[in-house]
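Next up, upload.txt (compact mmCIF, C-alpha atoms):
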# COMPACT_ATOMS: atom_id res chain seq x y z
CA MET T 1 122.98 113.65 121.61
CA GLY T 2 125.76 111.10 121.72
CA SER T 3 125.75 107.56 120.34
CA SER T 4 123.19 105.06 121.56
CA ILE T 5 123.67 101.47 122.71
CA GLU T 6 122.88 99.34 119.68
CA GLU T 7 124.48 96.15 120.97
CA ALA T 8 126.86 94.94 123.65
CA ASP T 9 129.91 95.50 121.44
CA ASN T 10 129.55 99.29 121.46
CA TYR T 11 128.80 99.67 125.17
CA SER T 12 132.35 100.76 125.98
CA SER T 13 132.32 103.61 123.45
CA TRP T 14 128.77 104.56 124.50
CA ARG T 15 129.82 104.68 128.14
CA THR T 16 132.70 107.04 127.33
CA ASP T 17 130.46 109.28 125.21
CA MET T 18 127.83 109.41 127.94
CA LYS T 19 130.39 110.28 130.58
CA VAL T 20 131.49 113.32 128.58
CA ILE T 21 127.89 114.43 127.93
CA LEU T 22 126.95 114.09 131.59
CA MET T 23 130.06 115.99 132.65
CA GLU T 24 129.17 118.79 130.23
CA ARG T 25 125.69 118.95 131.82
CA ASN T 26 127.13 118.91 135.35
CA CYS T 27 125.43 115.58 136.10
CA TRP T 28 128.27 113.04 136.11
CA ARG T 29 128.98 113.24 139.84
CA ILE T 30 125.33 112.49 140.55
CA VAL T 31 125.44 109.38 138.33
CA THR T 32 128.58 108.08 140.03
CA GLY T 33 127.07 108.72 143.47
CA THR T 34 129.81 111.13 144.58
CA GLU T 35 127.26 113.93 144.81
CA THR T 36 124.14 113.23 146.84
CA LYS T 37 121.24 115.26 148.21
CA LEU T 38 121.97 116.80 151.60
CA GLU T 39 119.27 117.01 154.23
CA ASP T 40 120.11 120.58 155.22
CA GLU T 41 120.16 121.99 151.69
CA ASN T 42 118.08 125.08 151.07
CA TYR T 43 115.19 125.07 148.64
CA LYS T 44 117.16 126.56 145.75
CA ALA T 45 120.04 124.07 146.08
CA LEU T 46 117.60 121.16 146.43
CA ARG T 47 115.68 122.24 143.32
CA ASP T 48 118.92 122.49 141.37
CA PHE T 49 120.03 119.03 142.50
CA ASN T 50 116.70 117.43 141.57
CA SER T 51 116.76 119.18 138.21
CA ARG T 52 120.23 117.86 137.38
CA LYS T 53 119.26 114.42 138.65
CA GLY T 54 116.28 114.30 136.31
CA LYS T 55 118.42 115.60 133.47
CA ALA T 56 120.97 112.83 134.14
CA TYR T 57 118.33 110.10 133.88
CA SER T 58 116.70 111.54 130.77
CA THR T 59 120.09 111.88 129.09
CA ILE T 60 120.88 108.23 129.77
CA TYR T 61 117.44 106.99 128.72
CA LEU T 62 117.29 108.96 125.48
CA ASN T 63 120.73 107.69 124.45
CA VAL T 64 119.75 104.03 124.76
CA SER T 65 118.35 102.37 121.63
CA LYS T 66 114.73 101.24 121.60
CA ALA T 67 115.73 97.59 121.94
CA TYR T 68 117.38 98.22 125.34
CA LYS T 69 115.13 100.91 126.84
CA CYS T 70 113.18 98.17 128.59
CA VAL T 71 116.25 97.50 130.75
CA ILE T 72 115.79 100.81 132.60
CA ASP T 73 112.26 102.03 131.79
CA ASP T 74 110.90 100.93 135.17
CA ILE T 75 113.25 103.16 137.21
CA GLU T 76 113.86 106.91 137.39
CA ASP T 77 117.07 107.07 139.41
CA PRO T 78 120.10 107.79 137.17
CA VAL T 79 122.45 105.98 139.58
CA ALA T 80 120.34 102.82 139.46
CA ALA T 81 119.88 103.11 135.68
CA TRP T 82 123.62 103.43 135.10
CA LYS T 83 124.35 100.47 137.36
CA ARG T 84 121.73 98.28 135.68
CA LEU T 85 123.10 98.98 132.23
CA GLU T 86 126.59 98.21 133.54
CA GLU T 87 125.42 94.87 134.92
CA HIS T 88 123.55 94.05 131.73
CA PHE T 89 126.39 94.76 129.30
CA ARG T 90 129.33 94.04 131.59
CA PRO T 91 128.41 91.17 133.87
CA ASN T 92 131.24 90.46 136.31
CA SER T 93 131.23 86.78 135.51
CA ARG T 94 134.34 84.66 135.40
CA ALA T 95 133.66 83.80 131.76
CA ARG T 96 133.60 87.49 130.83
CA VAL T 97 136.83 88.19 132.71
CA ILE T 98 138.57 85.27 131.02
CA GLY T 99 137.28 86.49 127.67
CA LEU T 100 138.60 89.99 128.32
CA THR T 101 141.98 88.60 129.40
CA ASP T 102 142.17 86.56 126.22
CA ASP T 103 141.24 89.64 124.18
CA PHE T 104 144.00 91.61 125.90
CA PHE T 105 146.78 89.17 125.10
CA SER T 106 145.44 88.63 121.58
CA PHE T 107 145.65 92.29 120.66
CA ARG T 108 147.64 93.08 117.52
CA ILE T 109 148.16 96.42 115.87
CA ASN T 110 146.28 96.59 112.58
CA PRO T 111 147.99 97.60 109.32
CA GLN T 112 148.09 101.39 109.00
CA GLU T 113 146.66 101.77 112.52
CA GLU T 114 148.11 104.67 114.50
CA ILE T 115 149.95 103.89 117.73
CA GLY T 116 147.63 106.15 119.74
CA ILE T 117 144.52 104.29 118.51
CA TYR T 118 146.13 100.93 119.24
CA ALA T 119 147.03 102.09 122.76
CA ALA T 120 143.44 103.31 123.31
CA ARG T 121 142.12 99.84 122.43
CA ILE T 122 144.50 98.29 124.95
CA ARG T 123 143.45 100.77 127.64
CA SER T 124 139.79 100.00 127.02
CA ILE T 125 140.32 96.33 127.87
CA VAL T 126 142.55 97.27 130.81
CA ASP T 127 139.81 99.50 132.23
CA GLN T 128 137.19 96.79 131.83
CA LEU T 129 139.37 94.25 133.64
CA LYS T 130 140.05 96.79 136.38
CA ASP T 131 136.33 97.39 136.83
CA ALA T 132 135.83 93.62 137.04
CA GLY T 133 138.37 93.41 139.87
CA LYS T 134 141.12 91.81 137.76
CA PRO T 135 143.57 94.60 136.96
CA ILE T 136 146.41 94.06 134.48
CA SER T 137 149.85 95.10 135.75
CA GLU T 138 151.58 97.93 133.94
CA TRP T 139 154.41 95.58 132.94
CA TYR T 140 152.00 93.51 130.83
CA GLN T 141 150.38 96.65 129.46
CA VAL T 142 153.76 97.81 128.15
CA PHE T 143 154.48 94.29 126.90
CA GLN T 144 151.29 94.22 124.87
CA LEU T 145 151.86 97.75 123.55
CA ILE T 146 155.27 96.89 122.05
CA ARG T 147 154.74 93.19 121.36
CA PHE T 148 153.55 93.30 117.74
CA LEU T 149 154.87 96.65 116.54
CA PRO T 150 156.25 96.86 112.98
CA PRO T 151 160.03 96.32 112.63
CA GLU T 152 160.71 100.01 111.94
CA PHE T 153 160.15 100.64 115.67
CA ASN T 154 162.91 98.22 116.74
CA GLY T 155 165.49 100.98 117.03
CA ILE T 156 163.55 103.19 119.43
CA LEU T 157 162.52 100.12 121.45
CA GLN T 158 166.14 99.06 121.93
CA TYR T 159 166.80 102.52 123.30
CA ASN T 160 163.74 102.26 125.58
CA TYR T 161 164.95 98.91 126.92
CA SER T 162 167.92 100.69 128.49
CA TRP T 163 165.68 102.86 130.69
CA ASP T 164 165.39 102.47 134.44
CA ASP T 165 162.30 100.69 135.82
CA ASN T 166 160.75 103.94 137.01
CA GLU T 167 160.91 105.28 133.43
CA PHE T 168 159.75 102.13 131.68
CA LYS T 169 156.05 102.96 131.97
CA PHE T 170 153.12 102.69 129.56
CA ASP T 171 152.53 106.42 129.12
CA LYS T 172 156.19 107.29 128.62
CA ILE T 173 156.78 104.44 126.17
CA LEU T 174 153.66 105.53 124.29
CA GLN T 175 154.99 109.10 124.03
CA GLU T 176 158.25 107.84 122.52
CA LEU T 177 156.41 105.59 120.06
CA ILE T 178 154.07 108.36 118.92
CA ALA T 179 157.03 110.69 118.39
CA GLU T 180 158.85 108.00 116.40
CA GLU T 181 155.70 107.28 114.39
CA SER T 182 155.46 110.96 113.51
CA ARG T 183 159.11 111.03 112.46
CA LEU T 184 158.68 107.95 110.26
CA LYS T 185 155.58 109.42 108.60
CA GLN T 186 157.42 112.64 107.88
CA SER T 187 160.35 110.67 106.49
CA ILE T 188 158.08 108.71 104.14
CA LYS T 189 156.34 111.87 103.07
CA ASP T 190 159.49 113.83 102.32
CA LYS T 191 161.72 111.08 100.97
CA LYS T 192 161.13 108.38 98.41
CA GLU T 193 163.96 106.20 99.63
CA THR T 194 165.13 105.04 103.02
CA CYS T 195 168.86 104.80 103.55
CA ALA T 196 171.37 104.36 106.35
CA PHE T 197 173.50 107.25 105.14
CA GLN T 198 173.14 110.38 103.04
CA SER T 199 175.41 111.43 100.21
CA ILE T 200 176.03 114.95 98.93
CA GLU T 201 178.39 115.56 96.04
CA ARG T 202 180.13 118.87 95.49
CA ASN T 203 182.26 119.68 92.45
CA ILE T 204 185.59 121.20 93.47
CA SER T 205 187.39 120.43 90.21
CA LYS T 206 187.90 123.13 87.60
CA THR T 207 187.75 120.49 84.89
CA PRO T 208 184.30 120.49 83.30
CA ARG T 209 182.24 117.39 83.83
CA SER T 210 181.23 115.08 81.02
CA LYS T 211 177.80 115.73 79.58
CA SER T 212 176.58 112.32 80.62
CA LYS T 213 177.13 113.15 84.29
CA PRO T 214 174.66 115.41 86.13
CA SER T 215 175.93 118.89 87.02
CA SER T 216 175.18 118.28 90.66
CA TYR T 217 174.17 115.37 92.77
CA LYS T 218 172.31 115.54 96.00
CA LYS T 219 170.62 112.85 97.99
CA ASN T 220 169.27 113.62 101.43
CA ILE T 221 167.59 110.55 102.79
CA GLN T 222 166.25 110.15 106.31
CA PRO T 223 167.52 106.99 108.03
CA THR T 224 165.46 104.39 109.75
CA ARG T 225 166.01 103.71 113.46
CA ASN T 226 166.34 100.01 112.70
CA ASN T 227 170.09 100.69 112.43
CA THR T 228 170.29 101.04 116.22
CA LYS T 229 168.93 97.69 117.24
CA VAL T 230 171.11 95.27 119.19
CA MET T 231 172.69 92.47 117.25
CA LYS T 232 170.74 89.21 117.18
CA SER T 233 173.82 86.99 117.33
CA PRO T 234 176.58 87.33 119.93
CA ASN T 235 179.22 86.88 117.21
CA THR T 236 178.33 90.10 115.51
CA PHE T 237 181.48 91.12 113.67
CA ILE T 238 184.85 89.84 112.49
CA ALA T 239 187.18 89.78 115.47
CA GLU T 240 190.32 90.36 113.38
CA SER T 241 189.19 93.88 112.66
CA ASN T 242 189.68 94.73 116.32
CA LEU T 243 192.51 92.41 117.32
CA SER T 244 194.98 93.13 114.56
CA GLN T 245 197.55 95.90 115.03
CA ASP T 246 198.30 96.27 111.30
CA TYR T 247 195.72 98.95 110.64
CA GLU T 248 195.75 102.66 111.31
CA ARG T 249 193.77 103.76 114.33
CA ASP T 250 191.55 106.01 112.18
CA ALA T 251 190.93 103.31 109.55
CA TRP T 252 187.43 102.04 108.97
CA ILE T 253 186.81 98.38 108.17
CA LEU T 254 184.08 97.54 105.67
CA ASP T 255 182.65 94.58 107.58
CA THR T 256 180.25 92.08 106.02
CA ALA T 257 179.37 90.58 109.42
CA ALA T 258 178.62 93.79 111.36
CA THR T 259 174.93 94.43 111.93
CA SER T 260 175.54 98.10 112.83
CA HIS T 261 178.18 100.78 112.34
CA PHE T 262 180.70 101.10 115.21
CA CYS T 263 183.11 103.86 116.22
CA SER T 264 185.80 103.93 118.89
CA LYS T 265 186.22 107.72 119.14
CA LYS T 266 183.53 109.90 120.64
CA SER T 267 185.09 112.99 119.04
CA LEU T 268 184.08 111.69 115.60
CA LEU T 269 180.38 111.64 116.46
CA TRP T 270 177.92 114.47 116.15
CA ASN T 271 174.25 114.46 117.15
CA PHE T 272 175.56 112.25 119.96
CA ARG T 273 173.08 110.81 122.44
CA PRO T 274 174.20 108.64 125.36
CA VAL T 275 172.70 105.21 126.05
CA LYS T 276 172.78 102.96 129.11
CA ASN T 277 172.76 99.21 129.70
CA LEU T 278 173.65 98.29 126.13
CA THR T 279 176.48 95.87 125.33
CA MET T 280 177.86 93.91 122.37
CA SER T 281 179.92 90.71 122.11
CA VAL T 282 182.94 90.11 119.89
CA ALA T 283 183.62 86.81 118.22
CA VAL T 284 186.65 85.86 120.29
CA GLY T 285 186.68 84.88 123.96
CA GLY T 286 183.20 86.21 124.70
CA VAL T 287 184.61 89.69 125.30
CA ARG T 288 181.85 92.24 125.90
CA CYS T 289 182.04 95.93 125.05
CA ASP T 290 179.70 98.55 126.46
CA ILE T 291 177.89 100.82 124.03
CA LYS T 292 178.15 104.33 125.45
CA GLY T 293 176.16 106.24 122.87
CA ILE T 294 174.82 106.65 119.33
CA GLY T 295 175.58 109.39 116.82
CA THR T 296 176.46 110.33 113.26
CA VAL T 297 179.89 110.15 111.61
CA ARG T 298 180.53 112.37 108.60
CA MET T 299 183.06 110.99 106.11
CA ILE T 300 184.60 112.81 103.17
CA PHE T 301 185.98 110.85 100.22
CA GLU T 302 187.72 112.09 97.09
CA ASN T 303 186.50 110.59 93.82
CA ASN T 304 188.15 111.79 90.61
CA GLY T 305 188.92 115.23 91.98
CA GLU T 306 185.52 115.69 93.59
CA LEU T 307 184.56 115.43 97.25
CA GLU T 308 181.90 113.01 98.31
CA THR T 309 180.36 113.42 101.77
CA VAL T 310 178.78 110.37 103.36
CA ASP T 311 177.01 110.50 106.71
CA LEU T 312 176.81 107.22 108.62
CA LEU T 313 173.78 107.51 110.88
CA ASN T 314 173.07 105.70 114.15
CA VAL T 315 176.71 104.69 114.72
CA PHE T 316 177.36 102.86 118.00
CA TYR T 317 180.15 104.35 120.13
CA SER T 318 182.30 101.95 122.17
CA PRO T 319 185.67 103.22 123.47
CA ARG T 320 187.01 99.65 123.90
CA LEU T 321 187.07 98.96 120.17
CA ARG T 322 190.42 99.20 118.42
CA ARG T 323 188.93 99.72 115.00
CA ASN T 324 185.92 101.41 113.47
CA LEU T 325 183.44 99.35 111.48
CA ILE T 326 181.16 100.15 108.55
CA SER T 327 178.30 97.68 108.25
CA SER T 328 178.12 96.55 104.65
CA SER T 329 174.85 94.77 105.40
CA LEU T 330 173.21 98.11 106.29
CA ILE T 331 174.56 99.68 103.12
CA ASP T 332 173.24 96.71 101.16
CA LEU T 333 169.81 97.09 102.78
CA ALA T 334 169.84 100.73 101.68
CA GLY T 335 169.96 99.56 98.07
CA SER T 336 173.63 100.19 97.39
CA THR T 337 175.69 97.90 95.18
CA PHE T 338 179.26 96.60 95.46
CA SER T 339 181.92 95.86 92.91
CA CYS T 340 184.90 93.83 94.08
CA LYS T 341 187.99 93.43 91.90
CA LYS T 342 191.76 93.75 92.08
CA GLY T 343 191.84 93.99 95.85
CA GLN T 344 189.29 96.75 96.28
CA ILE T 345 185.54 97.16 96.79
CA ASN T 346 183.72 100.03 95.13
CA VAL T 347 180.48 101.07 96.80
CA TYR T 348 177.77 102.68 94.67
CA SER T 349 174.53 104.39 95.60
CA LYS T 350 171.19 103.08 94.43
CA ASP T 351 171.32 105.20 91.28
CA GLY T 352 174.81 103.95 90.39
CA HIS T 353 176.80 106.91 91.73
CA LYS T 354 180.14 105.93 93.26
CA LEU T 355 180.36 106.69 96.98
CA PHE T 356 183.74 105.35 98.13
CA THR T 357 186.34 102.62 97.66
CA ALA T 358 187.58 100.15 100.29
CA LYS T 359 191.07 98.73 99.64
CA LYS T 360 192.25 95.33 100.79
CA LEU T 361 194.85 95.28 103.54
CA ASN T 362 195.84 91.78 104.65
CA VAL T 363 192.47 90.02 104.81
CA LEU T 364 190.18 93.00 105.39
CA PHE T 365 188.95 95.93 103.31
CA CYS T 366 189.71 99.36 104.74
CA VAL T 367 188.81 102.95 103.98
CA ASN T 368 190.57 106.07 105.26
CA PRO T 369 188.11 108.94 104.92
CA ARG T 370 188.61 112.50 106.04
CA ILE T 371 186.56 113.13 109.17

Please go through the file and, once you have read it, give me the structure as structure tokens.
Amino acid sequence: MGSSIEEADNYSSWRTDMKVILMERNCWRIVTGTETKLEDENYKALRDFNSRKGKAYSTIYLNVSKAYKCVIDDIEDPVAAWKRLEEHFRPNSRARVIGLTDDFFSFRINPQEEIGIYAARIRSIVDQLKDAGKPISEWYQVFQLIRFLPPEFNGILQYNYSWDDNEFKFDKILQELIAEESRLKQSIKDKKETCAFQSIERNISKTPRSKSKPSSYKKNIQPTRNNTKVMKSPNTFIAESNLSQDYERDAWILDTAATSHFCSKKSLLWNFRPVKNLTMSVAVGGVRCDIKGIGTVRMIFENNGELETVDLLNVFYSPRLRRNLISSSLIDLAGSTFSCKKGQINVYSKDGHKLFTAKKLNVLFCVNPRI
């Protein structure tokens, strides 16, 4: 037996359970009225139909709690019983429809709730409104699905926003969100820190290390996709870093105003994935630059005879930029620290390990890694 109707609040789940039970017993089509008794049926077919019809009614009746059996105990037709229960628990009144509409737009994802469960709750209300003759458009269904998601989903949503209209559908967005949710869960499970880059140190010096320094250092941290979201302010980075001609083309500017990492050469990116309909604005003249893709840039720095490899993840590629930018705000969010003195900025990992040094050139701090 499935669940029984205890009160109006669990009618929706009861209805779904009953549908599955009746389908398993080959009775659902009788209940919905799509299968009816034919006048020219032979005796065996007629007996089978009547048997399944009786089984359909008894299944419905026995799965209704004692308090509500009186609603259908005076009838024996499963079609009529199903319809009466529907009218009792889902009256098609204007007040009910308004209440359902309010419930729909008030939906919020609960803490720790899985995306799939949240989407199922939305669909339940959508189905009820559709049955009441007031369907919700798919645009608003998608809107409600993504409206109150946690901030760690911002990156994948910015990517979804660039899709064509025929791709921007509830089911496809849900698939992307579930995949991202799975990736985030795996990241939390495997890593204890979240960072915008990963650092791996290899000792290439023949000089023995000091005893106070670990023999090897390895940090492999999965990034968040928040690094890919579009900048909130149109003036998103220092314009001088792209207008000045005094810097080498391959130089990288450590930019305190950049909200993401930016690269002007596609050849420097690996794990590249193209994006569409994504632009950024510079701080001078309202100039707009198209973002053509997102990828990873691997940088190699030399620190005291040892090589330090730093991977910048989710780097925006825009061929119009004259200079490459490292977002110091993202590095700061990752827990790194900065030390600025004598015209240079030293960047350290969360555990105090030195990653790289940016040296002052004119008014900006630059790094020239091997790539």

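Here CA of Leu307 (chain T) stands at a distance of 13.7 Å from CA of Asn368 (chain T).
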
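CA of Gly155 (chain T) is positioned 17.6 Å from CA of Glu167 (chain T).
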
**Asked** Can you tell me how far CA of Asn277 (chain T) sits from CA of Ser162 (chain T), in Å to one decimal?
**Response** 5.2 Å

**Polymer residues at most 6 Å from (121.5, 113.5, 139.9) by all atoms listed in the file, as a count of residues only** = 6

**Message:** With distances taken over only C-alpha atoms, which residue among T:Ser349, T:Thr279, T:Gln344, T:Gln158 lies nearest Arg320 (chain T)?
**Reply:** T:Thr279

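Near (187.1, 103.9, 99.1), the residues that fall inside 10 Å on the basis of only C-alpha atoms are T:Leu254, T:Phe301, T:Glu302, T:Asn303, T:Gln344, T:Ile345, T:Asn346, T:Val347, T:Lys354, T:Leu355, T:Phe356, T:Thr357, T:Ala358, T:Lys359, T:Phe365, T:Cys366, T:Val367, T:Asn368, T:Pro369.
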